[in-house]
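Structure file data_20.cif with mmCIF, C-alpha atoms:
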data_structure
loop_
_atom_site.label_atom_id
_atom_site.label_comp_id
_atom_site.auth_asym_id
_atom_site.auth_seq_id
_atom_site.Cartn_x
_atom_site.Cartn_y
_atom_site.Cartn_z
CA MET A 139 -7.95 -13.36 -5.85
CA ALA A 140 -4.66 -13.07 -7.70
CA GLU A 141 -3.23 -16.34 -8.89
CA ARG A 142 0.26 -17.25 -7.77
CA ARG A 143 2.47 -17.60 -10.81
CA SER A 144 6.18 -18.30 -10.96
CA PRO A 145 8.34 -16.38 -13.48
CA LEU A 146 8.83 -19.46 -15.68
CA SER A 147 5.70 -21.42 -14.88
CA GLY A 148 5.40 -24.35 -17.21
CA LEU A 149 9.07 -24.52 -18.14
CA ASP A 150 9.75 -28.22 -18.49
CA VAL A 151 11.47 -28.87 -21.78
CA GLU A 152 13.40 -31.87 -22.98
CA LEU A 153 16.17 -30.96 -25.42
CA PRO A 154 18.67 -33.38 -26.95
CA GLY A 155 20.65 -34.63 -23.94
CA VAL A 156 19.45 -32.03 -21.46
CA THR A 157 16.24 -31.30 -19.60
CA VAL A 158 15.42 -27.72 -18.56
CA THR A 159 12.95 -27.38 -15.70
CA GLU A 160 11.89 -24.59 -13.40
CA VAL A 161 11.94 -25.29 -9.67
CA PRO A 162 9.49 -22.63 -8.54
CA TYR A 163 8.88 -21.03 -5.15
CA LEU A 164 12.02 -22.10 -3.31
CA THR A 165 12.47 -20.32 -0.02
CA GLN A 166 15.64 -18.22 -0.13
CA LEU A 167 17.18 -16.67 2.93
CA ASN A 168 20.13 -14.28 2.81
CA VAL A 169 22.26 -14.70 5.93
CA ARG A 170 25.14 -12.43 6.95
CA THR A 171 27.35 -13.99 9.60
CA ALA A 172 31.02 -14.05 10.53
CA THR A 173 30.67 -17.72 11.45
CA PRO A 174 31.61 -19.81 8.39
CA LEU A 175 28.64 -21.97 7.36
CA THR A 176 30.39 -23.58 4.38
CA PRO A 177 33.84 -23.03 2.78
CA PRO A 178 34.18 -20.47 -0.05
CA ASN A 179 32.60 -21.49 -3.39
CA THR A 180 30.86 -24.53 -1.94
CA THR A 181 27.38 -25.57 -0.88
CA ARG A 182 26.29 -27.69 2.06
CA ARG A 183 23.17 -29.81 2.34
CA ASP A 184 21.32 -30.31 5.60
CA GLY A 185 18.21 -32.30 4.78
CA ASP A 186 16.04 -30.08 2.58
CA VAL A 187 18.10 -26.95 3.07
CA THR A 188 21.10 -26.06 0.92
CA THR A 189 23.55 -23.45 2.18
CA VAL A 190 25.26 -21.59 -0.65
CA TRP A 191 28.42 -19.54 -0.16
CA LEU A 192 27.98 -16.02 -1.56
CA GLY A 193 30.83 -14.16 0.09
CA PRO A 194 33.19 -14.37 3.06
CA ASP A 195 30.36 -13.39 5.44
CA GLU A 196 27.32 -13.97 3.24
CA TYR A 197 25.30 -17.11 2.56
CA LEU A 198 22.08 -18.07 0.81
CA LEU A 199 19.89 -20.73 2.37
CA ILE A 200 17.59 -22.47 -0.11
CA GLY A 201 14.86 -24.97 0.59
CA PRO A 202 11.39 -26.02 -0.44
CA GLY A 203 9.75 -25.14 2.88
CA GLU A 204 10.18 -22.67 5.69
CA ILE A 205 13.73 -22.15 6.94
CA ALA A 206 14.02 -21.41 10.64
CA THR A 207 17.29 -19.45 10.49
CA PRO A 208 17.42 -15.70 11.13
CA GLY A 209 18.02 -13.92 7.84
CA VAL A 210 16.47 -11.77 5.15
CA ASP A 211 13.82 -13.50 3.04
CA VAL A 212 14.75 -12.93 -0.61
CA SER A 213 12.60 -15.72 -2.07
CA ALA A 214 10.88 -13.42 -4.55
CA HIS A 215 14.20 -12.16 -5.89
CA ARG A 216 15.12 -15.23 -7.90
CA THR A 217 13.69 -18.31 -9.45
CA THR A 218 15.53 -21.55 -10.08
CA ILE A 219 16.20 -23.45 -13.29
CA ARG A 220 17.34 -27.05 -13.11
CA LEU A 221 19.49 -28.57 -15.85
CA THR A 222 19.85 -32.33 -15.96
CA GLY A 223 21.10 -34.80 -18.52
CA PRO A 224 24.40 -35.81 -20.11
CA ARG A 225 24.70 -32.59 -22.13
CA ALA A 226 23.87 -30.13 -19.33
CA ARG A 227 27.50 -29.10 -19.01
CA ASP A 228 27.87 -28.57 -22.77
CA LEU A 229 24.83 -26.33 -22.74
CA LEU A 230 26.20 -24.28 -19.85
CA ALA A 231 29.55 -23.94 -21.58
CA HIS A 232 27.80 -22.08 -24.40
CA GLY A 233 27.19 -19.05 -22.21
CA CYS A 234 29.55 -19.25 -19.27
CA ALA A 235 33.28 -18.53 -19.08
CA LEU A 236 33.84 -20.77 -16.05
CA ASP A 237 35.64 -24.10 -16.26
CA LEU A 238 32.82 -26.50 -15.42
CA HIS A 239 34.76 -29.75 -15.73
CA PRO A 240 33.91 -32.03 -12.77
CA SER A 241 37.56 -31.95 -11.67
CA VAL A 242 37.20 -28.20 -11.12
CA PHE A 243 33.47 -27.74 -10.58
CA PRO A 244 32.24 -30.98 -8.96
CA PRO A 245 28.87 -31.43 -7.24
CA GLY A 246 28.80 -29.21 -4.19
CA ARG A 247 30.54 -26.29 -5.87
CA CYS A 248 28.81 -22.98 -6.48
CA ALA A 249 29.70 -19.76 -8.27
CA GLN A 250 28.21 -16.37 -8.89
CA THR A 251 28.96 -15.35 -12.42
CA LEU A 252 27.56 -13.94 -15.64
CA PHE A 253 25.70 -16.30 -17.91
CA ALA A 254 24.52 -14.95 -21.25
CA ARG A 255 25.17 -11.50 -19.69
CA THR A 256 22.80 -12.32 -16.84
CA PRO A 257 24.02 -12.47 -13.22
CA ILE A 258 23.36 -15.95 -11.86
CA ILE A 259 24.20 -18.24 -8.99
CA LEU A 260 25.32 -21.57 -10.40
CA ILE A 261 25.23 -24.70 -8.25
CA ALA A 262 26.57 -28.10 -9.26
CA THR A 263 24.42 -30.91 -7.87
CA GLU A 264 24.70 -34.69 -8.04
CA ASP A 265 22.25 -34.88 -10.96
CA GLY A 266 23.09 -31.67 -12.84
CA TYR A 267 23.03 -27.95 -12.20
CA LEU A 268 20.82 -25.38 -10.54
CA ILE A 269 20.76 -21.83 -11.86
CA LEU A 270 19.34 -19.13 -9.62
CA VAL A 271 18.39 -16.12 -11.69
CA ARG A 272 16.64 -12.85 -11.00
CA SER A 273 12.92 -13.21 -11.71
CA SER A 274 12.92 -10.38 -14.24
CA PHE A 275 15.83 -11.96 -16.17
CA ALA A 276 14.47 -15.50 -15.95
CA ARG A 277 12.53 -15.46 -19.19
CA HIS A 278 15.53 -14.16 -21.13
CA LEU A 279 17.75 -16.85 -19.65
CA ALA A 280 15.23 -19.63 -20.29
CA ASP A 281 14.78 -18.54 -23.91
CA TRP A 282 18.54 -18.38 -24.29
CA LEU A 283 19.03 -21.88 -22.85
CA LEU A 284 16.34 -23.41 -25.03
CA ASP A 285 17.75 -21.70 -28.09
CA ALA A 286 21.33 -22.82 -27.36
CA GLY A 287 20.14 -26.30 -26.37
CA SER A 288 18.46 -26.88 -29.69
CA GLU A 289 21.70 -26.28 -31.61
CA GLY A 290 22.76 -29.90 -31.32
CA THR A 291 19.79 -31.11 -33.30
CA VAL A 292 19.58 -31.36 -37.06
CA ARG A 293 17.34 -28.33 -37.27
CA TYR A 294 19.05 -24.99 -36.92
CA GLY A 295 17.52 -21.60 -36.48
CA ARG A 296 14.54 -20.71 -34.36
CA LYS A 297 11.77 -23.15 -33.84
CA PRO A 298 8.76 -22.87 -31.60
CA PHE A 299 9.57 -24.17 -28.14
CA ALA A 300 6.64 -26.22 -26.97
CA SER A 301 6.94 -28.06 -23.70
CA PRO A 302 5.38 -31.50 -23.30
CA LYS A 303 2.83 -29.94 -20.97
CA GLY A 304 1.62 -27.69 -23.72
CA HIS A 305 2.90 -24.38 -22.39
CA ASP A 306 4.53 -22.18 -24.98
CA PHE A 307 8.16 -21.43 -24.49
CA MET B 73 40.13 -8.98 -22.07
CA LEU B 74 41.71 -9.35 -18.64
CA LEU B 75 41.58 -12.42 -16.43
CA ILE B 76 41.38 -10.92 -12.94
CA PRO B 77 42.16 -13.01 -9.85
CA CYS B 78 39.41 -12.46 -7.29
CA PRO B 79 40.87 -13.44 -3.88
CA TRP B 80 37.61 -15.26 -3.06
CA CYS B 81 36.30 -16.67 -6.34
CA GLY B 82 39.50 -17.22 -8.32
CA PRO B 83 40.33 -15.97 -11.82
CA ARG B 84 37.34 -14.46 -13.61
CA ASP B 85 36.59 -12.56 -16.75
CA GLU B 86 37.01 -8.78 -16.64
CA ALA B 87 33.32 -8.30 -17.52
CA GLU B 88 32.40 -9.46 -14.00
CA PHE B 89 34.34 -6.63 -12.35
CA HIS B 90 33.98 -2.97 -11.61
CA TYR B 91 37.10 -0.81 -11.66
CA GLY B 92 37.94 1.23 -8.58
CA GLY B 93 40.97 3.25 -9.62
CA GLN B 94 44.26 3.66 -7.80
CA ALA B 95 44.60 1.83 -4.49
CA HIS B 96 45.98 3.19 -1.22
CA VAL B 97 44.75 6.76 -1.73
CA ALA B 98 44.24 7.78 1.90
CA TYR B 99 41.44 10.13 2.90
CA PRO B 100 42.98 13.34 4.33
CA ALA B 101 43.21 13.28 8.12
CA ASP B 102 41.80 16.80 8.42
CA PRO B 103 39.99 17.66 5.16
CA ALA B 104 38.91 21.09 6.42
CA ALA B 105 42.55 22.13 6.78
CA LEU B 106 43.38 21.52 3.10
CA SER B 107 43.70 24.30 0.61
CA ASP B 108 41.55 24.12 -2.53
CA GLU B 109 44.54 22.97 -4.50
CA GLU B 110 45.43 20.21 -2.03
CA TRP B 111 41.79 19.04 -1.98
CA GLY B 112 41.69 19.08 -5.75
CA ARG B 113 44.87 17.03 -5.84
CA TYR B 114 43.36 14.49 -3.42
CA LEU B 115 40.17 14.23 -5.47
CA PHE B 116 41.41 14.22 -9.04
CA PHE B 117 45.14 13.53 -9.30
CA ARG B 118 46.25 9.92 -9.67
CA ASP B 119 49.46 8.21 -10.68
CA ASN B 120 49.69 7.08 -14.27
CA PRO B 121 52.76 4.87 -14.47
CA ALA B 122 53.88 2.72 -17.38
CA GLY B 123 54.58 -0.28 -15.16
CA PRO B 124 53.30 -1.76 -11.88
CA PHE B 125 50.20 0.04 -10.62
CA ALA B 126 48.22 -0.82 -7.46
CA GLU B 127 44.53 -0.59 -8.20
CA ARG B 128 41.17 -1.57 -6.76
CA TRP B 129 38.59 -3.87 -8.30
CA SER B 130 35.17 -5.00 -7.16
CA HIS B 131 33.87 -8.41 -8.17
CA SER B 132 30.45 -6.94 -8.86
CA ALA B 133 28.95 -9.95 -10.67
CA GLY B 134 30.41 -12.40 -8.14
CA CYS B 135 31.09 -12.10 -4.42
CA ARG B 136 30.77 -8.27 -4.58
CA ARG B 137 33.94 -7.75 -2.55
CA TRP B 138 36.61 -5.09 -3.12
CA PHE B 139 40.23 -6.14 -3.40
CA ASN B 140 43.59 -4.84 -4.60
CA VAL B 141 45.82 -6.06 -7.37
CA VAL B 142 49.05 -4.77 -8.84
CA ARG B 143 48.75 -4.60 -12.61
CA ASP B 144 51.62 -3.80 -14.92
CA THR B 145 50.01 -1.21 -17.19
CA SER B 146 52.40 -1.95 -20.04
CA THR B 147 51.89 -5.73 -20.10
CA ASN B 148 48.54 -6.10 -18.24
CA ARG B 149 50.14 -8.79 -16.11
CA ILE B 150 48.38 -8.91 -12.74
CA VAL B 151 49.84 -9.82 -9.35
CA PRO B 152 47.13 -10.52 -6.77
CA GLN B 153 47.33 -8.62 -3.48
CA GLU B 154 45.73 -9.02 -0.07
CA ALA B 155 41.94 -9.12 0.21
CA ASN B 156 41.11 -5.51 1.04
CA ARG B 157 37.63 -5.19 2.52
#

Go ahead and express the file in the form of structure tokens.
Amino acid sequence: MAERRSPLSGLDVELPGVTVTEVPYLTQLNVRTATPLTPPNTTRRDGDVTTVWLGPDEYLLIGPGEIATPGVDVSAHRTTIRLTGPRARDLLAHGCALDLHPSVFPPGRCAQTLFARTPIILIATEDGYLILVRSSFARHLADWLLDAGSEGTVRYGRKPFASPKGHDF
Amino acid sequence: MLLIPCPWCGPRDEAEFHYGGQAHVAYPADPAALSDEEWGRYLFFRDNPAGPFAERWSHSAGCRRWFNVVRDTSTNRIVPQEANR
């Protein structure tokens, strides 16, 4: 039987001031409705489920388990990268033109934008940021983040990215 | 590089957008009644002012909605218009 494998399985890397982790296999539901679920550019939490504004009549529901709302299941489309730590915002600022200062982009805000030339959905959470990225672009984005995140250290240039769990990245 | 005001997402970098050409070009009411020249004019002829120009943009890397702006083609200054979906 085929083994289930997420696009970034094993990504759990601690860089100076920021931790980069994959949150695999989140259920993602695309919902088109004229009824506003959350104001533009914001997210809403109901228990496990986060509702993300994508457009004036379009929302993405994300959660770890099944979501009992009518919509199109797009779970396989994207995977999720979590950034936490005091330097998460600095790392994001390396590749993103948005103003991410908490006065403009506080927890609960979301944006669809380009990051390192990759289309992403960016969500500000209480403990950091979530990046939803297309599965086929995920590896590029993860490599880019780890590369940019290692700039703050004494060593410059490429170095082998080895996660504490022993997976190569 | 332009900073384009998306009516939904706010000002964003030009790289996130797709250009849609001149705005308010109405589809002919009765296309079959047009002469070849009139049809050709509808398809291919657009204004090219040095000054304010109403044009369409799509926020393709964001909310993927179409909208209109008026851009001054000599200064690139942009005045946002109504959300045009």

**Request:** Check the smallest atom-to-atom distance from each of A:Leu221, A:Ala172, A:Val212, A:Leu238 to Glu152 in chain A using all atoms listed in the file, then report the winner.
**Result:**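 Looking only at the distances to Glu152 in chain A, the closest residue turns out to be A:Leu221.
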
**Message:** Please enumerate the residues selected by the PyMOL selection byres ((chain A) within 6 of (chain B)) when evaluated against the supplied file, formatted as a VMD selection string.
**Reply:** chain A and resid 192 to 193 250 to 251

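Those residues returned by the PyMOL selection byres ((chain A and resi 174) around 12) for this file are A:Val169, A:Arg170, A:Thr171, A:Ala172, A:Thr173, A:Leu175, A:Thr176, A:Pro177, A:Pro178, A:Asn179, A:Thr180, A:Thr181, A:Arg182, A:Thr189, A:Val190, A:Trp191, A:Leu192, A:Gly193, A:Pro194, A:Asp195, A:Glu196, A:Tyr197.
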
**Message:** I'd like the neighbourhood of Ile269 in chain A as JSON, numbers by chain, where a residue qualifies if any of its atoms comes within 9 Å (using only C-alpha atoms), though same-chain residues fewer than 5 positions away should be ignored.
**Reply:** {"A": [217, 218, 219, 220, 221, 258, 259, 260, 261, 262]}

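For the choices B:Ala101, B:Leu75, B:Asn148, B:Phe116, the atom-to-atom distance to Phe89 in chain B is smallest for B:Leu75 when using only C-alpha atoms.
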